[in-house]
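Engineer: Compact mmCIF, C-alpha atoms and all ligand atoms, saved as run-v5.txt, coming up:
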```txt
# COMPACT_ATOMS: atom_id res chain seq x y z
CA MET A 14 25.44 11.83 106.61
CA SER A 15 26.91 12.68 109.99
CA THR A 16 28.15 9.30 111.21
CA PRO A 17 30.54 7.38 108.98
CA SER A 18 28.36 4.64 107.60
CA ILE A 19 29.25 1.05 108.42
CA PRO A 20 28.05 -1.36 105.75
CA LYS A 21 24.78 -2.60 107.20
CA SER A 22 25.57 -6.24 106.56
CA ASN A 23 28.60 -5.96 108.87
CA ARG A 24 26.58 -4.87 111.83
CA MET A 25 26.48 -7.27 114.76
CA PRO A 26 23.14 -8.88 115.37
CA VAL A 27 21.93 -8.03 118.86
CA GLY A 28 19.43 -10.24 120.65
CA SER A 29 17.46 -12.90 118.83
CA VAL A 30 15.66 -12.33 115.58
CA GLN A 31 12.14 -13.16 114.58
CA CYS A 32 11.26 -13.53 110.89
CA ASP A 33 8.06 -13.07 109.02
CA ASN A 34 7.82 -14.35 105.48
CA THR A 35 5.12 -12.34 103.85
CA THR A 36 3.75 -10.95 100.59
CA LEU A 37 3.00 -7.26 100.81
CA ASN A 38 2.41 -6.18 97.24
CA LEU A 39 3.80 -2.70 96.69
CA LEU A 40 1.55 -2.08 93.70
CA LYS A 41 -1.55 -3.40 95.42
CA ALA A 42 -2.84 0.05 96.25
CA ASN A 43 -2.65 1.01 92.58
CA ASP A 44 -4.31 -2.21 91.42
CA PHE A 45 -7.10 -1.67 93.92
CA VAL A 46 -7.83 1.80 92.53
CA ALA A 47 -7.56 0.50 88.95
CA LYS A 48 -10.28 -2.02 89.74
CA ALA A 49 -12.51 0.77 91.07
CA ILE A 50 -11.99 2.71 87.83
CA ARG A 51 -12.91 -0.36 85.78
CA GLU A 52 -16.16 -0.70 87.70
CA LYS A 53 -16.94 2.98 87.43
CA LEU A 54 -16.27 3.11 83.68
CA SER A 55 -17.97 -0.15 82.79
CA ASP A 56 -19.75 1.44 79.81
CA VAL A 57 -16.78 3.38 78.40
CA LEU A 58 -13.92 1.90 76.40
CA VAL A 59 -10.72 3.09 78.09
CA ILE A 60 -7.47 3.08 76.11
CA ASN A 61 -4.14 3.85 77.79
CA VAL A 62 -1.81 5.32 75.16
CA CYS A 63 1.87 4.98 76.05
CA SER A 64 5.09 5.97 74.26
CA SER A 65 8.36 7.87 74.54
CA PRO A 66 8.10 11.68 74.67
CA GLY A 67 7.13 13.21 71.37
CA SER A 68 6.05 10.10 69.46
CA GLY A 69 2.95 11.91 68.23
CA LYS A 70 0.31 10.88 70.78
CA THR A 71 -1.42 14.26 71.06
CA THR A 72 -1.36 14.78 67.29
CA LEU A 73 -2.94 11.35 66.84
CA MET A 74 -5.65 12.18 69.41
CA GLN A 75 -6.37 15.42 67.52
CA GLU A 76 -6.69 13.63 64.18
CA THR A 77 -8.81 10.89 65.75
CA GLY A 78 -11.13 13.50 67.24
CA LYS A 79 -11.57 15.20 63.87
CA ARG A 80 -12.32 11.95 62.06
CA LEU A 81 -14.60 10.30 64.60
CA SER A 82 -16.51 13.29 65.96
CA ASP A 83 -19.72 12.29 64.16
CA LYS A 84 -19.34 8.57 64.91
CA LEU A 85 -18.60 8.49 68.62
CA ASN A 86 -18.24 10.61 71.71
CA LEU A 87 -14.58 10.93 72.65
CA ALA A 88 -12.80 12.24 75.75
CA VAL A 89 -9.13 12.44 76.66
CA LEU A 90 -7.24 12.56 79.96
CA VAL A 91 -3.71 13.65 79.22
CA GLY A 92 -0.82 13.37 81.65
CA ASP A 93 2.33 15.45 81.48
CA PRO A 94 4.95 16.26 84.12
CA GLU A 95 4.22 19.98 83.62
CA THR A 96 1.95 22.37 81.61
CA ASP A 97 -1.58 21.97 80.22
CA ARG A 98 -0.46 22.47 76.63
CA ASP A 99 -1.60 19.09 75.35
CA ALA A 100 -5.12 19.48 76.77
CA VAL A 101 -5.30 22.94 75.23
CA ARG A 102 -4.23 21.52 71.85
CA MET A 103 -6.97 18.92 72.01
CA LYS A 104 -9.66 21.37 73.13
CA GLU A 105 -8.72 23.56 70.16
CA VAL A 106 -10.01 20.84 67.84
CA GLY A 107 -13.14 20.35 69.94
CA ILE A 108 -12.10 17.34 72.01
CA ASN A 109 -13.38 17.01 75.58
CA ALA A 110 -9.96 16.93 77.28
CA LEU A 111 -8.59 17.32 80.78
CA GLN A 112 -4.95 17.78 81.71
CA ILE A 113 -3.42 15.79 84.56
CA VAL A 114 -0.25 17.52 85.69
CA THR A 115 1.80 14.85 87.42
CA GLY A 116 4.14 17.35 89.09
CA GLY A 117 7.30 15.91 87.62
CA MET A 118 6.24 12.29 88.03
CA CYS A 119 7.29 9.97 85.23
CA HIS A 120 4.02 8.03 85.02
CA ILE A 121 0.31 8.31 85.80
CA GLU A 122 -1.02 6.31 88.75
CA ALA A 123 -4.57 5.01 89.00
CA GLN A 124 -5.33 7.40 91.87
CA MET A 125 -4.72 10.40 89.55
CA ILE A 126 -7.22 9.00 87.04
CA LEU A 127 -9.82 8.35 89.72
CA GLN A 128 -9.52 11.94 90.94
CA ALA A 129 -9.59 13.33 87.42
CA LEU A 130 -12.89 11.54 86.75
CA ASP A 131 -14.58 14.02 89.10
CA HIS A 132 -13.52 16.88 86.84
CA ILE A 133 -14.49 15.65 83.41
CA ASP A 134 -18.00 15.11 82.09
CA LEU A 135 -18.17 11.57 80.76
CA ALA A 136 -21.94 11.47 80.20
CA GLY A 137 -22.49 9.74 76.86
CA VAL A 138 -18.78 9.20 76.25
CA ASP A 139 -17.99 5.99 74.33
CA LEU A 140 -14.22 6.17 74.25
CA LEU A 141 -11.83 7.60 76.83
CA PHE A 142 -8.18 7.92 75.91
CA ILE A 143 -5.58 8.28 78.60
CA GLU A 144 -2.48 9.86 77.08
CA ASN A 145 0.21 8.68 79.47
CA VAL A 146 3.42 10.53 80.32
CA GLY A 147 6.07 10.05 77.63
CA ASN A 148 8.13 7.19 79.09
CA LEU A 149 8.39 3.55 78.01
CA VAL A 150 9.53 2.27 81.41
CA CYS A 151 7.48 3.23 84.46
CA PRO A 152 3.97 3.53 82.98
CA ALA A 153 4.19 -0.16 82.05
CA ALA A 154 3.88 -1.15 85.71
CA PHE A 155 0.78 0.91 86.48
CA ASP A 156 -2.66 -0.40 85.59
CA LEU A 157 -4.93 2.61 85.10
CA GLY A 158 -8.14 0.61 84.82
CA GLU A 159 -7.88 0.59 81.03
CA ASP A 160 -9.44 -2.00 78.73
CA ILE A 161 -6.65 -1.77 76.20
CA ARG A 162 -3.08 -0.51 76.23
CA VAL A 163 -1.62 0.87 73.03
CA THR A 164 2.05 1.72 72.52
CA VAL A 165 2.98 4.33 69.93
CA LEU A 166 6.47 4.06 68.48
CA ALA A 167 7.66 6.77 66.08
CA ALA A 168 9.69 5.83 63.04
CA THR A 169 12.33 8.30 64.24
CA GLU A 170 12.91 6.43 67.52
CA GLY A 171 14.61 3.41 66.00
CA ASP A 172 13.30 -0.11 65.51
CA ASP A 173 15.05 -1.62 68.54
CA LYS A 174 12.57 -0.49 71.20
CA PRO A 175 10.42 -3.61 71.81
CA LYS A 176 13.41 -5.57 73.10
CA LYS A 177 14.68 -2.64 75.15
CA TYR A 178 11.37 -1.91 76.83
CA PRO A 179 9.78 -5.36 76.86
CA ARG A 180 7.22 -4.86 79.60
CA MET A 181 5.53 -2.06 77.70
CA PHE A 182 5.19 -4.12 74.54
CA LEU A 183 4.28 -7.22 76.51
CA THR A 184 1.29 -5.48 78.06
CA SER A 185 0.11 -3.75 74.89
CA GLU A 186 -2.55 -5.08 72.57
CA LEU A 187 -1.47 -2.85 69.70
CA MET A 188 1.77 -1.20 68.56
CA VAL A 189 1.19 1.88 66.42
CA ILE A 190 4.18 2.86 64.32
CA SER A 191 3.76 6.60 63.93
CA LYS A 192 5.30 9.26 61.66
CA ALA A 193 5.26 6.77 58.80
CA ASP A 194 5.78 9.70 56.39
CA LEU A 195 9.37 9.80 57.71
CA LEU A 196 10.10 6.12 57.02
CA PRO A 197 11.88 6.88 53.71
CA TYR A 198 14.36 9.12 55.55
CA VAL A 199 15.30 7.03 58.58
CA PRO A 200 16.79 3.56 59.00
CA PHE A 201 13.71 1.88 60.49
CA SER A 202 12.44 -1.53 59.43
CA VAL A 203 8.75 -2.11 60.06
CA GLU A 204 9.35 -5.79 59.45
CA ALA A 205 12.19 -6.05 62.00
CA VAL A 206 10.31 -4.10 64.67
CA THR A 207 7.23 -6.27 64.14
CA GLN A 208 9.27 -9.43 64.51
CA ASP A 209 10.94 -8.15 67.70
CA ALA A 210 7.63 -7.02 69.18
CA ARG A 211 6.11 -10.44 68.48
CA GLU A 212 9.01 -12.22 70.15
CA VAL A 213 8.12 -10.25 73.26
CA ASN A 214 4.36 -10.48 72.73
CA PRO A 215 3.20 -13.02 70.12
CA THR A 216 -0.32 -11.59 69.92
CA ILE A 217 0.49 -7.89 69.53
CA GLU A 218 -1.21 -6.18 66.59
CA VAL A 219 0.81 -3.74 64.49
CA MET A 220 -0.41 -0.70 62.59
CA THR A 221 1.52 1.95 60.64
CA ILE A 222 0.16 5.50 60.58
CA SER A 223 1.02 9.09 59.74
CA SER A 224 -1.04 11.76 61.48
CA LEU A 225 0.56 14.32 59.20
CA LYS A 226 -0.27 12.67 55.86
CA GLY A 227 -3.25 10.60 56.94
CA GLU A 228 -1.81 7.22 56.04
CA GLY A 229 -3.29 4.40 58.15
CA LEU A 230 -5.73 6.64 60.01
CA ASP A 231 -8.78 4.94 58.50
CA GLU A 232 -7.50 1.58 59.71
CA TRP A 233 -6.84 3.10 63.16
CA CYS A 234 -10.30 4.68 63.37
CA ASN A 235 -12.00 1.47 62.23
CA TRP A 236 -10.05 -0.48 64.85
CA LEU A 237 -11.28 1.95 67.52
CA LEU A 238 -14.91 1.73 66.34
CA GLU A 239 -14.66 -2.05 66.39
CA LYS A 240 -13.24 -2.10 69.94
CA VAL A 241 -15.95 0.29 71.17
CA ALA A 242 -18.61 -1.93 69.60
CA GLU A 243 -17.04 -5.04 71.16
CA LYS A 244 -17.16 -3.49 74.62
CA LYS A 245 -20.77 -2.39 74.16
CA ALA A 246 -21.69 -5.91 73.01
CA ARG A 247 -19.96 -7.42 76.05
CA LEU A 248 -21.82 -5.04 78.32
CA ALA A 249 -25.15 -5.95 76.72
CA THR A 250 -24.66 -9.67 77.34
CA THR A 251 -23.71 -9.33 81.02
CA MET B 11 12.53 6.71 88.21
CA HIS B 12 9.98 6.10 90.94
CA GLU B 13 12.31 4.29 93.32
CA ALA B 14 12.00 7.07 95.93
CA SER B 15 8.25 6.69 96.19
CA ILE B 16 8.59 2.91 96.31
CA VAL B 17 10.91 3.06 99.30
CA ARG B 18 8.58 5.47 101.07
CA ASN B 19 5.73 3.08 100.30
CA VAL B 20 7.64 0.18 101.82
CA PHE B 21 7.82 1.82 105.22
CA GLU B 22 4.25 3.12 105.13
CA MET B 23 3.11 -0.40 104.37
CA LEU B 24 5.20 -1.93 107.13
CA GLN B 25 3.85 0.58 109.62
CA GLU B 26 0.35 -0.45 108.65
CA ALA B 27 1.02 -4.19 108.63
CA TYR B 28 2.99 -4.28 111.88
CA PRO B 29 1.82 -1.39 114.07
CA ASP B 30 3.15 -3.05 117.24
CA LYS B 31 6.41 -4.44 115.94
CA TYR B 32 7.33 -1.71 113.43
CA LYS B 33 9.94 -0.14 115.72
CA ARG B 34 11.75 -3.48 116.10
CA ILE B 35 12.27 -4.15 112.37
CA ILE B 36 15.92 -4.79 111.55
CA LYS B 37 15.76 -6.16 108.03
CA VAL B 38 13.37 -5.94 105.10
CA GLN B 39 13.59 -8.01 101.95
CA ILE B 40 11.96 -6.84 98.75
CA GLU B 41 11.40 -9.13 95.78
CA ALA B 42 11.42 -7.40 92.42
CA GLY B 43 10.74 -9.28 89.22
CA LEU B 44 12.95 -8.32 86.29
CA LEU B 45 9.88 -6.90 84.54
CA SER B 46 9.26 -4.43 87.35
CA ASN B 47 12.12 -2.28 86.00
CA ILE B 48 13.53 -1.82 89.50
CA GLN B 49 17.21 -1.06 89.95
CA PRO B 50 18.47 -2.38 93.32
CA ILE B 51 21.17 0.29 93.57
CA LEU B 52 18.60 3.06 93.07
CA ILE B 53 16.44 1.51 95.79
CA GLN B 54 19.46 1.62 98.10
CA ASN B 55 20.18 5.25 97.20
CA ALA B 56 16.57 6.22 97.74
CA PHE B 57 16.69 4.44 101.09
CA GLU B 58 19.84 6.32 102.13
CA ALA B 59 18.08 9.57 101.20
CA LEU B 60 15.02 8.60 103.26
CA ILE B 61 17.27 7.86 106.26
CA VAL B 62 18.49 11.45 106.15
CA GLU B 63 14.86 12.51 106.61
CA GLU B 64 13.99 9.77 109.07
CA PRO B 65 17.13 8.81 111.01
CA THR B 66 15.32 6.06 112.97
CA LEU B 67 15.36 3.95 109.81
CA ALA B 68 19.16 3.83 109.82
CA SER B 69 19.20 0.60 111.84
CA ILE B 70 17.25 -1.26 109.16
CA GLU B 71 18.85 -3.28 106.40
CA LEU B 72 17.06 -3.27 103.07
CA GLU B 73 17.70 -6.12 100.67
CA VAL B 74 16.43 -6.29 97.10
CA LEU B 75 16.14 -9.69 95.45
CA LEU B 76 15.75 -9.71 91.68
CA LEU B 77 13.60 -12.53 90.34
CA PRO B 78 14.11 -13.89 86.81
CA ILE B 79 11.20 -13.92 84.38
CA MET B 80 9.44 -17.29 84.18
CA ALA B 81 6.65 -18.22 81.78
CA HIS B 82 4.54 -21.34 81.45
CA CYS B 83 4.57 -23.39 78.26
CA HIS B 84 1.28 -25.14 77.50
CA THR B 85 2.87 -27.57 75.09
CA CYS B 86 5.47 -28.88 77.55
CA ASP B 87 3.34 -28.12 80.61
CA LYS B 88 6.32 -26.65 82.43
CA ASP B 89 7.79 -23.26 83.32
CA PHE B 90 10.75 -21.87 81.43
CA GLU B 91 13.03 -18.91 82.07
CA VAL B 92 12.60 -16.00 79.68
CA LYS B 93 16.06 -14.95 78.60
CA ARG B 94 16.83 -11.85 76.56
CA HIS B 95 13.11 -11.11 76.61
CA LYS B 96 12.33 -13.92 74.23
CA PHE B 97 8.95 -15.19 75.40
CA VAL B 98 9.33 -18.44 73.50
CA CYS B 99 9.86 -21.88 75.07
CA GLU B 100 12.77 -24.01 73.82
CA CYS B 101 10.17 -26.21 72.10
CA GLY B 102 9.25 -23.18 69.96
CA THR B 103 5.89 -22.35 71.55
CA PRO B 104 5.41 -18.65 72.31
CA SER B 105 3.87 -17.85 75.69
CA ARG B 106 2.71 -14.73 77.48
CA ASN B 107 1.64 -16.73 80.49
CA ILE B 108 4.04 -15.13 82.96
CA VAL B 109 4.32 -16.93 86.27
CA GLN B 110 7.14 -14.84 87.72
CA GLY B 111 8.85 -11.53 86.94
CA GLU B 112 6.19 -8.86 87.43
CA GLU B 113 6.20 -8.81 91.23
CA LEU B 114 7.21 -5.94 93.42
CA GLN B 115 6.63 -6.94 97.01
CA ILE B 116 7.92 -7.09 100.54
CA SER B 117 8.74 -10.76 100.97
CA ARG B 118 10.36 -10.99 104.39
CA VAL B 119 10.65 -8.88 107.52
CA GLU B 120 12.99 -9.50 110.44
CA PHE B 121 12.33 -8.14 113.90
CA LEU B 122 14.45 -7.96 116.98
CA GLU B 123 12.83 -9.99 119.78
CA ASN B 124 12.17 -7.88 122.83
N1 LIG C 301 6.50 13.94 60.41
C1 LIG C 301 5.53 13.74 61.33
N2 LIG C 301 5.57 14.44 62.48
C2 LIG C 301 4.61 14.22 63.39
C3 LIG C 301 3.56 13.29 63.17
N3 LIG C 301 2.78 13.26 64.27
C4 LIG C 301 3.30 14.16 65.13
N4 LIG C 301 4.40 14.75 64.60
C5 LIG C 301 5.23 15.78 65.23
O1 LIG C 301 5.91 15.23 66.34
C6 LIG C 301 6.03 16.20 67.38
C7 LIG C 301 5.47 15.65 68.68
O2 LIG C 301 4.10 15.40 68.53
P1 LIG C 301 3.10 15.30 69.75
O3 LIG C 301 1.79 14.90 69.18
O4 LIG C 301 3.16 16.51 70.57
O5 LIG C 301 3.76 14.10 70.52
P2 LIG C 301 3.38 13.53 71.98
O6 LIG C 301 3.65 12.08 71.92
O7 LIG C 301 2.01 13.95 72.35
O8 LIG C 301 4.44 14.27 72.91
P3 LIG C 301 4.51 14.30 74.52
O9 LIG C 301 3.10 14.41 75.02
O10 LIG C 301 5.33 15.49 74.83
O11 LIG C 301 5.17 12.99 74.91
C8 LIG C 301 5.30 17.43 66.91
O12 LIG C 301 6.24 18.34 66.39
C9 LIG C 301 4.39 16.90 65.82
O13 LIG C 301 4.09 17.85 64.84
C10 LIG C 301 3.55 12.57 61.92
O14 LIG C 301 2.70 11.73 61.62
N5 LIG C 301 4.58 12.83 61.05
MG MG C 302 1.33 14.81 74.15
ZN ZN C 303 7.54 -25.78 75.47
```
Would you encode the structure as structure tokens?
Structural biologist:
Amino acid sequence: MSTPSIPKSNRMPVGSVQCDNTTLNLLKANDFVAKAIREKLSDVLVINVCSSPGSGKTTLMQETGKRLSDKLNLAVLVGDPETDRDAVRMKEVGINALQIVTGGMCHIEAQMILQALDHIDLAGVDLLFIENVGNLVCPAAFDLGEDIRVTVLAATEGDDKPKKYPRMFLTSELMVISKADLLPYVPFSVEAVTQDAREVNPTIEVMTISSLKGEGLDEWCNWLLEKVAEKKARLATT
Amino acid sequence: MHEASIVRNVFEMLQEAYPDKYKRIIKVQIEAGLLSNIQPILIQNAFEALIVEEPTLASIELEVLLLPIMAHCHTCDKDFEVKRHKFVCECGTPSRNIVQGEELQISRVEFLEN
């Protein structure tokens, strides 16, 4: 900066000052759009899948698509800072997927989802996954209009994450421990991570899966079918 | 993280909320709950960077207040502070009923009288 900066608090007050105590919510704009998405997608179950980079989200979507293709109609919106590789990977296994390139941004905002909805055909879709940008911090603060938030935690990431990234686990209904096939090779205690996650969020459900070996995928798919059915039942009664 | 866009948002919002008095703002206070993952120093840095783009903002002081996480315990019918992210009251009852800690808002604006 050109002028040497004087600490702002040392500046002399000039004239009299008028105060306004207010509440201008900085996330209000996002919450407003999230509400619009919820209304628009009232007949689709929307699941926001969050995790660190590389926990196995896309692989899990691929396996889910393969297993549930004859039971329900699935679509995926996938956010990444750059490239459309993940959407391509999902399309390769026949999933209706659309890439959201966030342009370097570390999270998806509701506005990006709302815009993406114009570019994906959701006619007859029962379940829409939003694969969030790999990041356990910022996505936690942004409601995307989802019904359910799921956090995926890979066995290779260490079992100390719930306490380090509490807001993510606090706002998730389910924690999926992924890459379970690697559990014998890494120091990761499913019991300890479950206990920590429940200290942050007493009602969080925990599931252990391996997309590579198939372990836990039946439980995961049944959970999804159940949640889709629950939403449909809710819709029918309202 | 997204501190830069937050700071930009702050001034867009103020411009909208106070179209007549915007130019006379001298101080803005932001309240950030500990769960908002906001780092006050990064907010300040982002603000300094914004001033380079918009020098008229240089006369404004930006203050960030961090708010502790508070949850409500049904058993004791009172609020307790969540320390070390343990969402359990001292009586042993777990609670996700957060009454403070998620906010990210402009809480106070000071204007120079003209
Ligand atoms: N051993 C093992 N590896 C897995 C499993 N699932 C995924 N991987 C591997 O983990 C790596 C990352 O998987 P992705 O599915 O791309 O992970 P992602 O979470 O979508 O990654 P980003 O979108 O970049 O955050 C790949 O090399 C996968 O082959 C699993 O169950 N076991
Ligand atoms: Mg991916
Ligand atoms: Zn209590």
Engineer: Any idea what's packed within 6 Å of Gly158 (chain A), counting all atoms listed in the file, ignoring anything in its chain fewer than 6 positions away? Could you give it as a list in words?
Structural biologist: Ala47, Lys48, Ile50 and Arg51 of chain A
Engineer: Please identify the residues whose atoms come within 6 Å of ligand MG 302 (chain C), using all atoms listed in the file, and report them as a PyMOL selection string.
Structural biologist: chain A and resi 70-71+99
Engineer: Between B:Leu44, B:Cys83, B:Leu52, B:Ile116, single out the one closest to chain A, counting all atoms listed in the file.
Structural biologist: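 When distances to chain A are compared using all atoms listed in the file, the smallest one comes from B:Ile116.
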Engineer: Per residue of chain B within 7 Å of ligand ZN 303 (chain C), which atom pair is closest and at what distance in Å (one decimal), using all atoms listed in the file, listed by chain and increasing number, as CSV?
Structural biologist:
```
residue,atom,partner,partner_atom,distance
B:Cys83,CA,C:ZN303,ZN,4.7
B:His84,CA,C:ZN303,ZN,6.6
B:Thr85,CA,C:ZN303,ZN,5.0
B:Cys86,CA,C:ZN303,ZN,4.3
B:Cys99,CA,C:ZN303,ZN,4.6
B:Glu100,CA,C:ZN303,ZN,5.8
B:Cys101,CA,C:ZN303,ZN,4.3
B:Gly102,CA,C:ZN303,ZN,6.3
B:Thr103,CA,C:ZN303,ZN,5.5
```
Engineer: Of the residues B:Val119, B:Val17, B:Ala59, B:Val74, which is the one nearest to chain A, using only C-alpha atoms?
Structural biologist: B:Val119
Engineer: Work out how far CA of Val62 (chain A) is from atom C9 of ligand LIG 301 (chain C), in Å to one decimal.
Structural biologist: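 Taking atom C9 of ligand LIG 301 (chain C) as the start and CA of Val62 (chain A) as the end point, the length is 16.1 Å.
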Engineer: Check every residue of chain B for an atom within 6 Å of chain A, counting all atoms listed in the file, and provide those that qualify as a count of residues only.
Structural biologist: 13
Engineer: Give the residues close to ligand LIG 301 (chain C), within 10 Å, counting all atoms listed in the file; write them as an NGL selection string.
Structural biologist: :A and (62-76 or 91-95 or 98-100 or 102 or 144-148 or 165-169 or 190-196 or 221-228 or 230)
Engineer: State, in Å with one decimal place, the distance from CA of Val199 (chain A) to CA of His95 (chain B).
Structural biologist: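 One can read the CA of Val199 (chain A) to CA of His95 (chain B) distance as 25.7 Å.
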Engineer: Can you work out which one of B:Glu73, B:Ala81, B:Val62, B:Arg94 has the shortest atom-to-atom distance to Glu41 (chain B), counting only C-alpha atoms?
Structural biologist: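 Among the listed residues, B:Glu73 lies closest to Glu41 (chain B).
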Engineer: My list of candidates is B:Val98, B:Ile79, B:Val109, B:Val20. Which is closest to Phe57 (chain B) when distances are computed with all atoms listed in the file?
Structural biologist: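 Among B:Val98, B:Ile79, B:Val109, B:Val20, it is B:Val20 that comes nearest to Phe57 (chain B).
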Engineer: Go ahead and compute the interatomic distance for CA of Glu204 (chain A) and CA of Ser105 (chain B), in Å to one decimal.
Structural biologist: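 About the pair CA of Glu204 (chain A) and CA of Ser105 (chain B): they are 21.0 Å apart.
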Engineer: If you count all atoms listed in the file, which residues fall within 12 Å of Asp134 (chain A), apart from same-chain ones fewer than 5 positions away, as a compact mmCIF listing (two decimals) with C-alpha atoms, keeping the file's coordinate frame?
Structural biologist:
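Resulting contents of out_24.txt:
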```txt
# COMPACT_ATOMS: atom_id res chain seq x y z
CA ASN A 86 -18.24 10.61 71.71
CA LEU A 87 -14.58 10.93 72.65
CA ALA A 88 -12.80 12.24 75.75
CA VAL A 89 -9.13 12.44 76.66
CA LEU A 90 -7.24 12.56 79.96
CA ILE A 108 -12.10 17.34 72.01
CA ASN A 109 -13.38 17.01 75.58
CA ALA A 110 -9.96 16.93 77.28
CA LEU A 111 -8.59 17.32 80.78
CA ALA A 129 -9.59 13.33 87.42
CA ASP A 139 -17.99 5.99 74.33
CA LEU A 141 -11.83 7.60 76.83
```
Engineer: For Phe21 (chain B), which of B:Val38, B:Pro104, B:Ile48, B:Pro78 is the closest residue, counting all atoms listed in the file?
Structural biologist: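 Ranked by minimum distance to Phe21 (chain B), first place goes to B:Val38.
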Engineer: My structure is short of atoms at region 35-46 of chain B; please model N, CA, C and O atoms there, returning them as an mmCIF file, keeping the file's coordinate frame.
Structural biologist:
```cif
data_model
loop_
_atom_site.group_PDB
_atom_site.id
_atom_site.type_symbol
_atom_site.label_atom_id
_atom_site.label_comp_id
_atom_site.auth_asym_id
_atom_site.auth_seq_id
_atom_site.Cartn_x
_atom_site.Cartn_y
_atom_site.Cartn_z
ATOM 1 N N ILE B 35 11.829 -3.578 113.657
ATOM 2 C CA ILE B 35 12.270 -4.150 112.370
ATOM 3 C C ILE B 35 13.767 -3.905 112.185
ATOM 4 O O ILE B 35 14.253 -2.786 112.369
ATOM 5 N N ILE B 36 14.489 -4.967 111.817
ATOM 6 C CA ILE B 36 15.920 -4.790 111.550
ATOM 7 C C ILE B 36 16.289 -5.104 110.107
ATOM 8 O O ILE B 36 17.324 -4.702 109.615
ATOM 9 N N LYS B 37 15.425 -5.847 109.418
ATOM 10 C CA LYS B 37 15.760 -6.160 108.030
ATOM 11 C C LYS B 37 14.480 -6.326 107.207
ATOM 12 O O LYS B 37 13.511 -6.920 107.675
ATOM 13 N N VAL B 38 14.506 -5.814 106.004
ATOM 14 C CA VAL B 38 13.370 -5.940 105.100
ATOM 15 C C VAL B 38 13.876 -6.471 103.765
ATOM 16 O O VAL B 38 14.879 -5.986 103.239
ATOM 17 N N GLN B 39 13.197 -7.493 103.259
ATOM 18 C CA GLN B 39 13.590 -8.010 101.950
ATOM 19 C C GLN B 39 12.484 -7.695 100.929
ATOM 20 O O GLN B 39 11.309 -7.913 101.187
ATOM 21 N N ILE B 40 12.911 -7.153 99.812
ATOM 22 C CA ILE B 40 11.960 -6.840 98.750
ATOM 23 C C ILE B 40 12.251 -7.756 97.568
ATOM 24 O O ILE B 40 13.414 -7.936 97.195
ATOM 25 N N GLU B 41 11.225 -8.344 96.998
ATOM 26 C CA GLU B 41 11.400 -9.130 95.780
ATOM 27 C C GLU B 41 10.917 -8.305 94.600
ATOM 28 O O GLU B 41 9.801 -7.795 94.601
ATOM 29 N N ALA B 42 11.781 -8.179 93.616
ATOM 30 C CA ALA B 42 11.420 -7.400 92.420
ATOM 31 C C ALA B 42 11.652 -8.267 91.202
ATOM 32 O O ALA B 42 12.774 -8.705 90.935
ATOM 33 N N GLY B 43 10.589 -8.544 90.466
ATOM 34 C CA GLY B 43 10.740 -9.280 89.220
ATOM 35 C C GLY B 43 11.477 -8.432 88.206
ATOM 36 O O GLY B 43 11.406 -7.207 88.252
ATOM 37 N N LEU B 44 12.173 -9.077 87.281
ATOM 38 C CA LEU B 44 12.950 -8.320 86.290
ATOM 39 C C LEU B 44 12.065 -7.414 85.433
ATOM 40 O O LEU B 44 12.523 -6.423 84.886
ATOM 41 N N LEU B 45 10.770 -7.747 85.332
ATOM 42 C CA LEU B 45 9.880 -6.900 84.540
ATOM 43 C C LEU B 45 9.414 -5.671 85.293
ATOM 44 O O LEU B 45 8.761 -4.803 84.730
ATOM 45 N N SER B 46 9.717 -5.585 86.583
ATOM 46 C CA SER B 46 9.260 -4.430 87.350
ATOM 47 C C SER B 46 10.149 -3.210 87.090
ATOM 48 O O SER B 46 9.863 -2.121 87.573
#
```
